[in-house]
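Printed here is query26.cif (mmCIF, C-alpha atoms):
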```
data_protein
loop_
_atom_site.group_PDB
_atom_site.id
_atom_site.type_symbol
_atom_site.label_atom_id
_atom_site.label_comp_id
_atom_site.auth_asym_id
_atom_site.auth_seq_id
_atom_site.Cartn_x
_atom_site.Cartn_y
_atom_site.Cartn_z
ATOM 1 C CA MET A 1 0.000 0.000 0.000
ATOM 2 C CA GLN A 2 2.858 2.379 0.735
ATOM 3 C CA ARG A 3 4.085 1.826 -2.801
ATOM 4 C CA ALA A 4 0.568 2.472 -4.132
ATOM 5 C CA LEU A 5 0.567 5.820 -2.337
ATOM 6 C CA GLU A 6 3.929 6.707 -3.879
ATOM 7 C CA LEU A 7 2.710 5.746 -7.367
ATOM 8 C CA ASP A 8 -0.665 7.441 -7.201
ATOM 9 C CA PRO A 9 -1.057 9.947 -4.341
ATOM 10 C CA ASP A 10 -4.253 11.299 -5.930
ATOM 11 C CA GLN A 11 -6.335 8.320 -4.800
ATOM 12 C CA TRP A 12 -8.043 9.190 -1.515
ATOM 13 C CA ARG A 13 -8.861 5.551 -0.703
ATOM 14 C CA ILE A 14 -5.169 4.732 -0.379
ATOM 15 C CA TYR A 15 -4.806 7.224 2.484
ATOM 16 C CA ARG A 16 -7.819 5.742 4.275
ATOM 17 C CA ASP A 17 -6.798 2.119 3.740
ATOM 18 C CA LEU A 18 -3.143 2.611 4.581
ATOM 19 C CA ALA A 19 -4.010 4.544 7.740
ATOM 20 C CA GLU A 20 -6.279 1.684 8.818
ATOM 21 C CA ILE A 21 -3.508 -0.852 8.182
ATOM 22 C CA TYR A 22 -1.122 1.088 10.415
ATOM 23 C CA TYR A 23 -3.841 1.531 13.047
ATOM 24 C CA ARG A 24 -4.548 -2.213 13.161
ATOM 25 C CA ALA A 25 -0.813 -2.851 13.435
ATOM 26 C CA GLY A 26 -0.698 -0.598 16.504
ATOM 27 C CA ASP A 27 1.065 2.337 14.870
ATOM 28 C CA ASN A 28 -1.434 5.062 15.757
ATOM 29 C CA GLY A 29 1.016 7.879 15.040
ATOM 30 C CA THR A 30 1.510 6.857 11.424
ATOM 31 C CA ALA A 31 -2.225 6.239 11.022
ATOM 32 C CA LEU A 32 -2.909 9.750 12.307
ATOM 33 C CA GLN A 33 -0.282 11.266 10.040
ATOM 34 C CA LEU A 34 -1.692 9.520 6.946
ATOM 35 C CA ALA A 35 -5.278 10.455 7.781
ATOM 36 C CA ALA A 36 -4.244 14.075 8.360
ATOM 37 C CA SER A 37 -2.397 14.147 5.020
ATOM 38 C CA GLY A 38 -5.380 12.623 3.237
ATOM 39 C CA ALA A 39 -7.859 15.036 4.829
ATOM 40 C CA GLU A 40 -5.621 17.969 3.889
ATOM 41 C CA ARG A 41 -5.079 16.745 0.332
ATOM 42 C CA PHE A 42 -8.794 16.037 -0.226
ATOM 43 C CA PRO A 43 -10.698 18.774 1.645
ATOM 44 C CA GLY A 44 -14.401 18.066 1.958
ATOM 45 C CA ASN A 45 -13.971 14.285 1.725
ATOM 46 C CA TYR A 46 -15.989 13.315 4.772
ATOM 47 C CA ILE A 47 -14.689 9.747 4.776
ATOM 48 C CA LEU A 48 -11.112 10.975 5.248
ATOM 49 C CA GLU A 49 -12.235 13.621 7.720
ATOM 50 C CA LEU A 50 -14.007 10.957 9.817
ATOM 51 C CA ALA A 51 -10.870 8.786 9.667
ATOM 52 C CA TYR A 52 -8.773 11.760 10.795
ATOM 53 C CA SER A 53 -11.195 12.403 13.645
ATOM 54 C CA LYS A 54 -11.047 8.732 14.635
ATOM 55 C CA TYR A 55 -7.252 8.680 14.823
ATOM 56 C CA LEU A 56 -7.199 11.946 16.763
ATOM 57 C CA THR A 57 -9.552 10.299 19.250
ATOM 58 C CA VAL A 58 -7.382 7.186 19.463
ATOM 59 C CA SER A 59 -4.400 9.474 20.084
ATOM 60 C CA GLY A 60 -6.225 11.189 22.947
ATOM 61 C CA ASP A 61 -6.736 14.546 21.225
ATOM 62 C CA TYR A 62 -10.481 14.650 21.891
ATOM 63 C CA GLN A 63 -11.003 18.380 21.435
ATOM 64 C CA LYS A 64 -9.167 18.484 18.115
ATOM 65 C CA SER A 65 -11.231 15.497 16.976
ATOM 66 C CA LEU A 66 -14.388 17.450 17.824
ATOM 67 C CA ASP A 67 -13.018 20.463 15.933
ATOM 68 C CA VAL A 68 -12.578 18.269 12.839
ATOM 69 C CA LEU A 69 -16.101 16.876 13.230
ATOM 70 C CA GLU A 70 -17.551 20.373 13.526
ATOM 71 C CA LYS A 71 -16.233 21.186 10.029
ATOM 72 C CA THR A 72 -17.175 17.817 8.507
ATOM 73 C CA ASN A 73 -20.325 17.428 6.430
ATOM 74 C CA VAL A 74 -21.417 13.809 6.204
ATOM 75 C CA LEU A 75 -23.889 12.854 3.523
ATOM 76 C CA PRO A 76 -26.686 11.029 5.318
ATOM 77 C CA PHE A 77 -27.332 7.433 4.373
ATOM 78 C CA GLU A 78 -29.015 4.510 6.069
ATOM 79 C CA GLY A 79 -27.170 3.302 9.142
ATOM 80 C CA GLU A 80 -24.280 5.777 8.984
ATOM 81 C CA ASN A 81 -23.496 7.040 12.454
ATOM 82 C CA THR A 82 -19.700 7.083 12.639
ATOM 83 C CA GLY A 83 -19.548 10.855 13.023
ATOM 84 C CA GLN A 84 -22.236 10.828 15.696
ATOM 85 C CA ARG A 85 -20.496 8.059 17.638
ATOM 86 C CA LEU A 86 -17.203 9.983 17.527
ATOM 87 C CA HIS A 87 -19.049 13.129 18.638
ATOM 88 C CA VAL A 88 -20.536 11.339 21.651
ATOM 89 C CA TYR A 89 -17.350 9.468 22.538
ATOM 90 C CA ASN A 90 -15.137 12.570 22.457
ATOM 91 C CA HIS A 91 -17.534 14.651 24.534
ATOM 92 C CA LEU A 92 -17.884 11.878 27.108
ATOM 93 C CA LEU A 93 -14.127 11.404 27.353
ATOM 94 C CA LEU A 94 -13.652 15.148 27.828
ATOM 95 C CA ALA A 95 -16.428 15.094 30.430
ATOM 96 C CA TYR A 96 -14.707 12.262 32.247
ATOM 97 C CA GLU A 97 -11.345 14.069 32.212
ATOM 98 C CA GLN A 98 -12.998 17.156 33.653
ATOM 99 C CA TYR A 99 -14.784 15.066 36.268
ATOM 100 C CA GLU A 100 -11.401 13.628 37.291
ATOM 101 C CA ASN A 101 -10.043 17.197 37.590
ATOM 102 C CA GLY A 102 -12.988 18.376 39.684
ATOM 103 C CA GLU A 103 -14.311 20.602 36.880
ATOM 104 C CA TYR A 104 -17.892 19.443 37.302
ATOM 105 C CA GLU A 105 -19.712 22.237 35.461
ATOM 106 C CA GLN A 106 -17.528 21.783 32.377
ATOM 107 C CA ALA A 107 -18.048 18.008 32.598
ATOM 108 C CA LEU A 108 -21.810 18.479 32.690
ATOM 109 C CA ALA A 109 -21.613 20.808 29.680
ATOM 110 C CA HIS A 110 -19.799 18.107 27.678
ATOM 111 C CA ILE A 111 -22.372 15.546 28.763
ATOM 112 C CA GLU A 112 -25.113 17.834 27.445
ATOM 113 C CA GLN A 113 -23.207 18.289 24.177
ATOM 114 C CA SER A 114 -22.874 14.524 23.793
ATOM 115 C CA GLU A 115 -26.674 14.223 23.691
ATOM 116 C CA ARG A 116 -26.972 16.478 20.648
ATOM 117 C CA TYR A 117 -27.206 15.234 17.083
ATOM 118 C CA PRO A 118 -25.418 17.804 14.897
ATOM 119 C CA GLU A 119 -27.032 17.929 11.477
ATOM 120 C CA ASN A 120 -23.681 18.064 9.689
ATOM 121 C CA LEU A 121 -22.813 14.549 10.918
ATOM 122 C CA GLY A 122 -25.575 12.987 8.830
ATOM 123 C CA SER A 123 -27.347 11.084 11.597
ATOM 124 C CA GLY A 124 -30.637 12.083 13.147
ATOM 125 C CA ALA A 125 -31.695 11.315 16.694
ATOM 126 C CA PRO A 126 -33.153 7.844 17.215
ATOM 127 C CA TYR A 127 -36.670 7.377 18.539
ATOM 128 C CA ASP A 128 -35.476 6.393 22.023
ATOM 129 C CA PRO A 129 -31.810 7.404 22.440
ATOM 130 C CA ASP A 130 -29.583 5.563 24.894
ATOM 131 C CA TYR A 131 -28.148 8.078 27.355
ATOM 132 C CA ARG A 132 -27.084 5.601 30.026
ATOM 133 C CA ASP A 133 -23.392 6.514 29.809
ATOM 134 C CA GLN A 134 -24.281 10.187 30.092
ATOM 135 C CA ASN A 135 -26.453 9.441 33.120
ATOM 136 C CA ARG A 136 -23.726 7.316 34.719
ATOM 137 C CA LEU A 137 -21.330 10.255 34.456
ATOM 138 C CA ARG A 138 -24.002 12.613 35.746
ATOM 139 C CA LYS A 139 -24.604 10.335 38.711
ATOM 140 C CA MET A 140 -20.873 10.257 39.472
ATOM 141 C CA ILE A 141 -20.746 14.054 39.398
ATOM 142 C CA TYR A 142 -23.889 14.500 41.463
ATOM 143 C CA ASP A 143 -22.655 11.959 44.023
ATOM 144 C CA LYS A 144 -19.352 13.829 44.261
ATOM 145 C CA THR A 145 -21.071 17.206 44.658
ATOM 146 C CA GLY A 146 -23.698 15.988 47.125
ATOM 147 C CA GLN A 147 -26.674 16.556 44.828
ATOM 148 C CA ARG A 148 -28.621 13.501 45.968
ATOM 149 C CA VAL A 149 -31.905 14.231 44.154
ATOM 150 C CA LEU A 150 -30.173 14.715 40.798
ATOM 151 C CA SER A 151 -28.091 11.600 41.403
ATOM 152 C CA LEU A 152 -31.235 9.564 42.029
ATOM 153 C CA GLN A 153 -32.849 10.982 38.879
ATOM 154 C CA ALA A 154 -29.840 9.958 36.778
ATOM 155 C CA GLU A 155 -29.869 6.489 38.337
ATOM 156 C CA GLN A 156 -33.602 6.150 37.697
ATOM 157 C CA ALA A 157 -33.157 7.108 34.032
ATOM 158 C CA ILE A 158 -30.581 4.307 33.669
ATOM 159 C CA GLU A 159 -32.867 1.769 35.333
ATOM 160 C CA ASP A 160 -35.848 2.835 33.238
ATOM 161 C CA TYR A 161 -33.895 2.363 30.006
ATOM 162 C CA ASP A 162 -32.572 -1.018 31.162
ATOM 163 C CA LEU A 163 -36.090 -2.191 32.008
ATOM 164 C CA LYS A 164 -37.397 -1.116 28.626
ATOM 165 C CA HIS A 165 -34.518 -2.341 26.438
ATOM 166 C CA GLY A 166 -32.359 -4.676 28.505
ATOM 167 C CA GLU A 167 -28.937 -3.896 29.873
ATOM 168 C CA ARG A 168 -27.188 -4.038 26.490
ATOM 169 C CA GLY A 169 -30.183 -3.109 24.362
ATOM 170 C CA GLY A 170 -29.485 -0.659 21.569
ATOM 171 C CA ARG A 171 -25.743 -0.500 22.204
ATOM 172 C CA SER A 172 -23.081 -1.006 19.586
ATOM 173 C CA LEU A 173 -19.783 -2.653 20.467
ATOM 174 C CA PHE A 174 -18.257 0.845 20.334
ATOM 175 C CA ASP A 175 -20.677 2.069 23.008
ATOM 176 C CA GLN A 176 -20.238 -1.044 25.116
ATOM 177 C CA GLN A 177 -16.460 -0.622 25.010
ATOM 178 C CA PHE A 178 -16.681 2.968 26.256
ATOM 179 C CA SER A 179 -18.980 1.948 29.081
ATOM 180 C CA THR A 180 -16.827 -1.027 30.050
ATOM 181 C CA MET A 181 -13.447 0.727 29.831
ATOM 182 C CA VAL A 182 -14.247 4.205 31.106
ATOM 183 C CA ILE A 183 -17.473 4.384 33.063
ATOM 184 C CA ARG A 184 -18.012 1.093 34.878
ATOM 185 C CA PRO A 185 -14.549 0.733 36.459
ATOM 186 C CA PHE A 186 -15.184 3.951 38.376
#
```
Would you mind giving the structure from this file in structure tokens?
Amino acid sequence: MQRALELDPDQWRIYRDLAEIYYRAGDNGTALQLAASGAERFPGNYILELAYSKYLTVSGDYQKSLDVLEKTNVLPFEGENTGQRLHVYNHLLLAYEQYENGEYEQALAHIEQSERYPENLGSGAPYDPDYRDQNRLRKMIYDKTGQRVLSLQAEQAIEDYDLKHGERGGRSLFDQQFSTMVIRPF
């Protein structure tokens, strides 16, 4: 693939595919560099912009990933929600970082942002969205700040969703991984 890029750097798919190869091999830095080059070379290509956002997220640069998403316009099509998932994931990770730093108001603001469905990301809100991770973080914040009533409301929202849909109902592997790795251990 590297040779293909050298021979024909005007093929956007090579940047995407090569970045994914490096990512799967554990070389996130090279994946990020390739995705950034591809997104710069092909401005407006939402597939490369989503890949760039993904590798920024993997690299821990959550705010920059959100900045890329803000400028990305995804053409809506059935089942496409990559941009929305990255939007949610980045906001929740920033919220968690701020929670860890005691910046509870900023954390709550990111939680609120994670519940939005920006039109430019090509994915509308589902009929019954799953906000359990958001409510778990809210509960953690409210417990820490002594806001018992709000903590109980967040806990009740989680229980209500679980009763209606089951504990894993409506969750992609991406969402389950976030919940398992970031929220539940704490």
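Closest approach to A:Pro76 among A:Leu121, A:Leu94, A:Leu18, A:Ala51: A:Leu121, based on all atoms listed in the file.
Applied to this file, the PyMOL selection byres ((chain A and resi 108) around 9) selects the residues Ala95, Gln98, Tyr99, Glu103, Tyr104, Glu105, Gln106, Ala107, Ala109, His110, Ile111, Glu112, Gln113, Leu137, Arg138 and Ile141 of chain A.
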For this session: Name the residues captured by the PyMOL selection byres ((chain A and resi 11-13) around 10) when it is applied to the shown file; answer as a VMD selection string.
Result: chain A and resid 4 to 5 7 to 10 14 to 19 35 37 to 39 41 to 42 45 47 to 48
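Among the candidate residues A:Gly122, A:Lys144, A:Asn135, A:Tyr23, the one lying nearest to A:Ile158 is A:Asn135, with distances computed using only C-alpha atoms.
Atom pair atom CA of A:Asp61 / atom CA of A:Val74 has a distance of 21.0 Å (rounded to one decimal).
The space separating atom CA of A:Lys164 from atom CA of A:Arg132 comes to 12.4 Å.
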For this session: Just say which residues the PyMOL selection byres ((chain A and resi 157) around 12) picks in this file, as JSON, numbers by chain.
Result: {"A": [129, 130, 131, 132, 133, 134, 135, 136, 138, 139, 150, 151, 152, 153, 154, 155, 156, 158, 159, 160, 161, 162, 163, 164]}
Seminar exercise, completed: Expressed in Å, the length from atom CA of A:Leu32 to atom CA of A:Arg85 is 18.5 Å
Problem set entry | Selection near A:Leu93, 10 Å with all atoms listed in the file, sequence-local residues under 2 positions removed, as a VMD selection string | chain A and resid 57 60 62 to 63 88 to 91 95 to 99 107 110 to 111 114 178 182 to 183
